[in-house]
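Undergrad: My questions will all concern the structure given below.
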Amino acid sequence: MTNHSHKNHTDEELMVQIQDHHSHWAIVELHARYSGRLLGYFIKMLNKDVDLAQDFVQELFLKILEKKHLFDTEKKFYIWVFTIASNMCKTAYRKTGISQTFETEKHDHLQTNYSDNLAEKELFLRALQNSIDQLENGQKQAFVLRFMEHFSLQEIADIAETSVGTIKSRLFYATQKVAKQLKDFDPSFESTLFKLS
Amino acid sequence: MEPTENRLFDLLETYSFAALTEEDRLFVLSNMTEEEFRVQQKVLVAADQLVYPQAVPLPLALPAKKSGGLMTPIPLYKSLISAAAAAMFIFFFWPKEQEGEKIVYLDKYSPADTIYKTKIVHDTVFKEKGGTLLAVNQKNPDTIYLYQENPSTAVAPRMLNATQSIPLPELNQALLKNRGKSLKEDNHSSLLPAISEFER
């Protein structure tokens with residue numbers, strides 16, 4: 001089978017190949033499709049630890065091979081794979097408490113005095129990043145998937161295996177928590193740097 | 001009834017504060033200030049502008065397939081197929097005697113002490129065509145002749161070539177002298193049975 005024909009398969013068809021024939025080419029094709037996006041997701045969820053994120057991507061695809069029988073071919077593959085990824089992050093949070101890493105860094109930056117808007121924006125983005133990193137796992141997962149990976153609310157609910165209402169609630173409280181930490185910033189520059197709809 | 005935070009989130013995600021309806025604006029202001037609403041919206045918009053380290057995913061490293069080992073159970077049909085395959089392999093590929101090769105013993109009576117073996121190889125057959133000889137094919141030897149040299153012309157065995165090693169006296173008159181008695185003169189001849197008894 002040629003590479004061209006591999007690309008014509010849907011994700012779910014590739015999973016059927018893996019389930020039925022343990023096809024090497026199918027898992028390689030899925031890796032080609034999703035490894036970049038998953039790596040980005042892990043980097044955001046694991047506080048920019050690229051090496052750990054690379055390990056997580058490898059581990060995730062090994063899990064796909066091990067748990068291939070658990071995949072329901074009637075459902076979307078990317079939902080399933082992001083569910084596994086989110087569960088791996090949840091386990092990592094429990095074991096290492098990753099969300100506490102940047103607490104001291106945040107205060108250092110906040111105490112720096114910047115005069116112009118550009119510096120203010122950079123400082124704001126750093127503070128925002130640190131605040132997101134400090135969210136508890138469920139809220140951070142919802143926040144990253146919604147506002148950085150641009151999943152729909154229903155997709156996030158499927159990934160988190162919960163309801164859309166719960167996801168909305170997590171997103172609201174996550175946003176509120178982050179905003180409280182950023183209240184020291186002057187909101188006046190939003191009109192020039194952050195275009196709101 | 002939709003929970004308050006869910007409705008607030010929908011408004012945050014959808015409208016700026018200025019675009020809110022009067023009812024929604026009152027609802028928002030009953031839960032937070034206008035400034036808090038703006039900061040929260042700023043967070044949602046700015047989140048997409050955050051820069052994270054860029055990295056290229058490593059190639060997929062799949063585990064090597066587990067080797068079977070001696071303890072791995074083998075299905076019966078596999079072992080039967082293997083046995084049949086081995087038998088067929090031996091049947092077809094075991095070296096055989098070449099067809100047409102014969103051994104002819106020219107002298108089967110003589111004890112074999114010296115055997116000369118001559119192999120006549122018929123390896124090339126020539127065929128005359130148009131006044132020239134053409135090599136048609138090449139064959140393996142089809143007959144091997146074994147023959148033995150005639151014993152009468154064979155080299156004498158080594159034992160017969162040995163010289164006499166026991167000293168014997170020379171034959172002379174004294175040794176050849178008759179020292180016995182005739183039957184007629186012998187007194188004991190009466191003890192012998194009569195010849196007539198043998199004639200019966």
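In the structure tokens, chains take letters A, B, ... by order of appearance, with residues numbered from 1 within each chain and ligands from 1 in the order shown.
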Considering only alpha helix (DSSP H) as DSSP defines it on the backbone, what residues of stretch 6-172 of chain A qualify? List them as a VMD selection string.

TA: chain A and resid 6 to 8 11 to 21 24 to 45 50 to 66 77 to 96 103 to 110 117 to 133 137 to 147 153 to 160 164 to 172

Undergrad: Per residue of stretch 26-94 of chain B within 8 Å of stretch 21-45 of chain A, which atom pair is closest and at what distance in Å (one decimal), using only C-alpha atoms, listed by chain and increasing number, as JSON lines?

TA:
```
{"residue": "B:Tyr52", "atom": "CA", "partner": "A:Lys44", "partner_atom": "CA", "distance": 7.0}
{"residue": "B:Pro53", "atom": "CA", "partner": "A:Ile43", "partner_atom": "CA", "distance": 7.5}
{"residue": "B:Gln54", "atom": "CA", "partner": "A:Gly40", "partner_atom": "CA", "distance": 7.6}
{"residue": "B:Ala55", "atom": "CA", "partner": "A:Leu39", "partner_atom": "CA", "distance": 7.7}
{"residue": "B:Val56", "atom": "CA", "partner": "A:Gly36", "partner_atom": "CA", "distance": 6.8}
{"residue": "B:Pro57", "atom": "CA", "partner": "A:Gly36", "partner_atom": "CA", "distance": 5.8}
{"residue": "B:Leu60", "atom": "CA", "partner": "A:His31", "partner_atom": "CA", "distance": 7.0}
```

Undergrad: Using only C-alpha atoms, pick whichever of B:Asn31, B:Ser165, B:Ser82, B:Gln49 has the shortest atom-to-atom distance to chain A.

TA: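 Checking each of B:Asn31, B:Ser165, B:Ser82, B:Gln49 against chain A, counting only C-alpha atoms, the winner is B:Gln49.
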
Undergrad: I need the residue nearest chain A from this list: B:Asn187, B:Thr21, B:Gln40, B:Asn172. Use only C-alpha atoms for the distance.

TA: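 For chain A, the nearest of the candidates is B:Gln40.
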
Undergrad: Quick one: which chain A residues come within 8 Å of chain B, and what is the nearest atom pair for each with the distance in Å to one decimal, counting only C-alpha atoms, rows ordered by chain and ascending number, as CSV?

TA:
```
residue,atom,partner,partner_atom,distance
A:Val28,CA,B:Leu60,CA,7.0
A:His31,CA,B:Leu60,CA,7.0
A:Ser35,CA,B:Pro57,CA,6.1
A:Gly36,CA,B:Pro57,CA,5.8
A:Leu39,CA,B:Pro57,CA,6.6
A:Gly40,CA,B:Gln54,CA,7.6
A:Ile43,CA,B:Tyr52,CA,7.4
A:Lys44,CA,B:Tyr52,CA,7.0
A:Lys48,CA,B:Pro53,CA,6.6
A:Val50,CA,B:Ala55,CA,7.3
A:Gln54,CA,B:Pro57,CA,6.5
A:Val57,CA,B:Pro57,CA,7.9
A:Gln58,CA,B:Leu60,CA,6.5
A:Phe61,CA,B:Leu60,CA,7.9
A:Leu62,CA,B:Leu62,CA,7.2
A:Leu125,CA,B:Leu50,CA,6.3
A:Leu128,CA,B:Val43,CA,7.4
A:Gln129,CA,B:Leu50,CA,6.9
A:Phe147,CA,B:Asp48,CA,6.0
A:Met148,CA,B:Asp48,CA,5.3
A:Gly165,CA,B:Asn6,CA,6.6
A:Lys168,CA,B:Asn6,CA,5.3
A:Ser169,CA,B:Asn6,CA,5.5
A:Leu171,CA,B:Phe9,CA,7.3
A:Phe172,CA,B:Phe9,CA,5.3
A:Tyr173,CA,B:Glu5,CA,7.8
A:Thr175,CA,B:Gln40,CA,6.0
A:Gln176,CA,B:Gln40,CA,6.4
A:Val178,CA,B:Val43,CA,7.4
A:Ala179,CA,B:Gln40,CA,5.4
A:Leu182,CA,B:Val39,CA,7.9
A:Lys183,CA,B:Val39,CA,7.4
A:Pro187,CA,B:Val39,CA,6.6
A:Glu190,CA,B:Lys42,CA,6.9
A:Phe194,CA,B:Val45,CA,6.7
A:Lys195,CA,B:Val45,CA,7.8
A:Leu196,CA,B:Ser16,CA,6.5
A:Ser197,CA,B:Ser16,CA,6.0
```
